[in-house]
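Undergrad: Supplied structure: model_8.cif, mmCIF, C-alpha atoms.
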```
data_start
#
loop_
_atom_site.label_atom_id
_atom_site.label_comp_id
_atom_site.auth_asym_id
_atom_site.auth_seq_id
_atom_site.Cartn_x
_atom_site.Cartn_y
_atom_site.Cartn_z
CA GLN X 1 36.46 12.16 19.32
CA VAL X 2 33.34 10.15 20.04
CA GLN X 3 33.48 6.51 19.11
CA LEU X 4 30.66 4.00 19.16
CA ALA X 5 31.31 0.31 18.65
CA GLU X 6 28.50 -2.15 18.04
CA SER X 7 28.89 -5.88 18.45
CA GLY X 8 26.85 -9.03 18.77
CA GLY X 9 25.40 -9.34 15.30
CA ALA X 10 25.04 -12.83 13.90
CA SER X 11 23.18 -15.09 11.50
CA VAL X 12 20.24 -16.73 13.24
CA GLN X 13 17.04 -18.62 12.48
CA ALA X 14 13.59 -17.11 12.63
CA GLY X 15 12.29 -17.22 16.19
CA ASP X 16 15.76 -16.98 17.73
CA SER X 17 16.97 -14.30 20.12
CA LEU X 18 20.02 -12.10 19.90
CA ARG X 19 21.50 -9.24 21.88
CA VAL X 20 23.54 -6.51 20.25
CA SER X 21 25.67 -4.09 22.22
CA CYS X 22 27.07 -0.62 21.74
CA VAL X 23 29.91 0.81 23.79
CA ALA X 24 30.74 4.51 23.72
CA SER X 25 33.97 6.40 24.30
CA GLY X 26 35.16 9.96 23.95
CA LEU X 27 31.92 11.61 25.06
CA GLU X 28 32.19 15.14 26.35
CA TYR X 29 30.03 14.44 29.39
CA SER X 30 29.08 11.49 31.55
CA TYR X 31 27.49 8.69 29.54
CA SER X 32 24.47 8.78 31.83
CA LEU X 33 23.55 12.20 30.43
CA TYR X 34 23.01 10.95 26.89
CA GLY X 35 20.07 9.40 25.17
CA ILE X 36 21.02 6.47 22.96
CA GLY X 37 19.26 5.21 19.87
CA TRP X 38 19.35 2.01 17.85
CA PHE X 39 18.73 2.14 14.10
CA ARG X 40 18.82 -0.42 11.34
CA GLN X 41 19.25 -0.42 7.61
CA ALA X 42 18.34 -3.26 5.31
CA PRO X 43 19.68 -3.50 1.74
CA GLY X 44 17.88 -1.08 -0.54
CA LYS X 45 15.99 0.55 2.31
CA GLU X 46 16.42 3.72 4.29
CA ARG X 47 17.83 3.65 7.78
CA GLU X 48 15.03 3.47 10.32
CA ALA X 49 14.86 4.14 14.03
CA VAL X 50 14.23 0.98 16.03
CA ALA X 51 14.45 1.95 19.70
CA ALA X 52 15.73 4.68 21.97
CA ILE X 53 16.35 5.17 25.65
CA ASN X 54 16.74 8.51 27.36
CA THR X 55 18.68 9.54 30.43
CA TYR X 56 15.76 8.62 32.71
CA GLY X 57 15.39 5.16 31.24
CA LYS X 58 12.29 5.97 29.21
CA ARG X 59 12.11 3.65 26.19
CA VAL X 60 10.45 4.07 22.82
CA TYR X 61 10.15 1.54 20.02
CA VAL X 62 9.05 1.40 16.43
CA ASP X 63 5.76 -0.45 16.17
CA SER X 64 7.23 -3.39 14.28
CA VAL X 65 9.45 -4.44 17.22
CA LYS X 66 7.20 -3.66 20.18
CA GLY X 67 6.87 -6.65 22.45
CA ARG X 68 9.89 -8.36 20.87
CA PHE X 69 12.82 -5.97 21.37
CA THR X 70 14.05 -4.39 24.58
CA ILE X 71 16.54 -1.55 24.84
CA SER X 72 18.56 -1.12 28.01
CA ARG X 73 21.68 0.63 29.21
CA ASP X 74 24.49 0.18 31.67
CA ASP X 75 25.88 3.62 32.41
CA ALA X 76 28.82 2.28 34.43
CA ARG X 77 29.99 0.34 31.37
CA ARG X 78 28.95 3.05 28.91
CA GLU X 79 27.02 0.40 27.04
CA CYS X 80 23.60 0.20 25.48
CA TYR X 81 21.94 -3.08 24.53
CA LEU X 82 19.19 -4.20 22.23
CA GLN X 83 17.71 -7.54 23.20
CA MET X 84 15.88 -8.97 20.20
CA ASN X 85 13.50 -11.88 20.66
CA ASP X 86 11.42 -13.80 18.14
CA LEU X 87 13.52 -12.48 15.28
CA GLN X 88 11.94 -12.49 11.85
CA SER X 89 13.43 -12.26 8.37
CA GLU X 90 12.30 -8.65 8.12
CA ASP X 91 14.58 -7.83 11.06
CA SER X 92 17.62 -8.60 8.92
CA ALA X 93 19.70 -5.45 8.65
CA ILE X 94 22.81 -3.70 9.81
CA TYR X 95 22.13 -2.34 13.28
CA TYR X 96 23.66 0.95 14.35
CA CYS X 97 23.70 2.91 17.57
CA LYS X 98 23.68 6.67 17.69
CA VAL X 99 24.39 9.38 20.23
CA ARG X 100 24.27 13.14 19.87
CA ASP X 101 27.24 15.04 21.28
CA ARG X 102 28.97 18.31 20.48
CA ASP X 103 25.99 19.34 18.31
CA ARG X 104 26.21 16.41 15.95
CA ASP X 105 25.13 12.80 15.64
CA TRP X 106 27.73 10.08 16.06
CA TRP X 107 27.30 6.59 14.62
CA GLY X 108 29.03 3.31 15.06
CA GLN X 109 30.14 1.10 12.19
CA GLY X 110 27.17 -1.21 12.61
CA THR X 111 26.71 -4.89 13.29
CA GLN X 112 25.03 -7.28 10.86
CA VAL X 113 21.97 -9.26 11.89
CA SER X 114 20.76 -11.86 9.41
CA VAL X 115 17.62 -13.88 10.06
CA SER X 116 16.77 -16.86 7.91
CA SER X 117 13.35 -18.44 7.83
#
```
What would you get if you wrote out this structure as structure tokens?

TA:
Amino acid sequence: QVQLAESGGASVQAGDSLRVSCVASGLEYSYSLYGIGWFRQAPGKEREAVAAINTYGKRVYVDSVKGRFTISRDDARRECYLQMNDLQSEDSAIYYCKVRDRDRDWWGQGTQVSVSS
């Protein structure tokens, strides 16, 4: 059974920085063989993709976070991180990580990020 656990969410002020983490367990193969994605969902809105990193370290971002957010991974720890700088109120959401394994998507329980202006 794959399990993803996010952590690091907090209530911060606009302009602050925050790093959220996601640790994986139960994967069928080595963690280094998986691409990892970060998503977020604000109240009343659909879940949106924020950033992703593949097995080669290639990163992609949604336009709204480019230049402010950085995704990274530590394969030895089976962890993926999302460093978020210059946070804005529109970044407030529950942040989730996702991995695809055994022909399905697995999600964590999410971590809440609240940004007040």

Undergrad: Suppose you want the space between CA of Gln112 in chain X and CA of Tyr34 in chain X; what is it in Å?

TA: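 Computing it gives 24.4 Å between the two atoms.
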
Undergrad: Neighbours of Phe69 in chain X within 8 Å (all atoms listed in the file; same-chain residues fewer than 6 positions away dropped), as number ranges by chain?

TA: X: 82-85

Undergrad: Got a sec: who's within 7 Å of range 100-107 of chain X, counting only C-alpha atoms, leaving out chain neighbours fewer than 3 positions off, as a ChimeraX atom specification?

TA: /X:2,4,27,96-97

Undergrad: Which distance in Å separates CA of Val20 in chain X and CA of Gly8 in chain X, to one decimal?

TA: 4.4 Å

Undergrad: For each of X:Glu48, X:Glu28, X:Glu79, X:Asp86, take the minimum atom-to-atom distance to Gly67 in chain X, counting all atoms listed in the file, then give the residue where this is smallest.

TA: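 With all atoms listed in the file as the atom set, the closest residue is X:Asp86.
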
Undergrad: Using CA of Gln88 in chain X and CA of Gly108 in chain X as the two end points, give the distance in Å to one decimal.

TA: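 Computing it gives 23.5 Å between the two atoms.
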
Undergrad: Can you translate the PyMOL selection byres ((chain X and resi 35) around 9) into the concrete residues it hits in this file, as a list in words?

TA: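 The output of the PyMOL selection byres ((chain X and resi 35) around 9) on this file is Tyr31, Ser32, Leu33, Tyr34, Ile36, Gly37, Ala52, Ile53, Asn54, Thr55, Tyr56, Gly57, Lys98, Val99 and Arg100 of chain X.
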
Undergrad: Would you translate the PyMOL selection byres ((chain X and resi 71) around 6) into the concrete set of residues it matches in this file, as number ranges by chain?

TA: X: 70, 72, 81-82

Undergrad: Write out as a ChimeraX atom specification each polymer residue whose atoms come within 7 Å of Ile94 in chain X, counting only C-alpha atoms; drop sequence neighbours fewer than 2 positions from it.

TA: /X:40-42,96,110-113

Undergrad: I need the residue set behind the PyMOL selection byres ((chain X and resi 50) around 6) for this file; please write it as a PyMOL selection string.

TA: chain X and resi 38-39+49+51+61-62
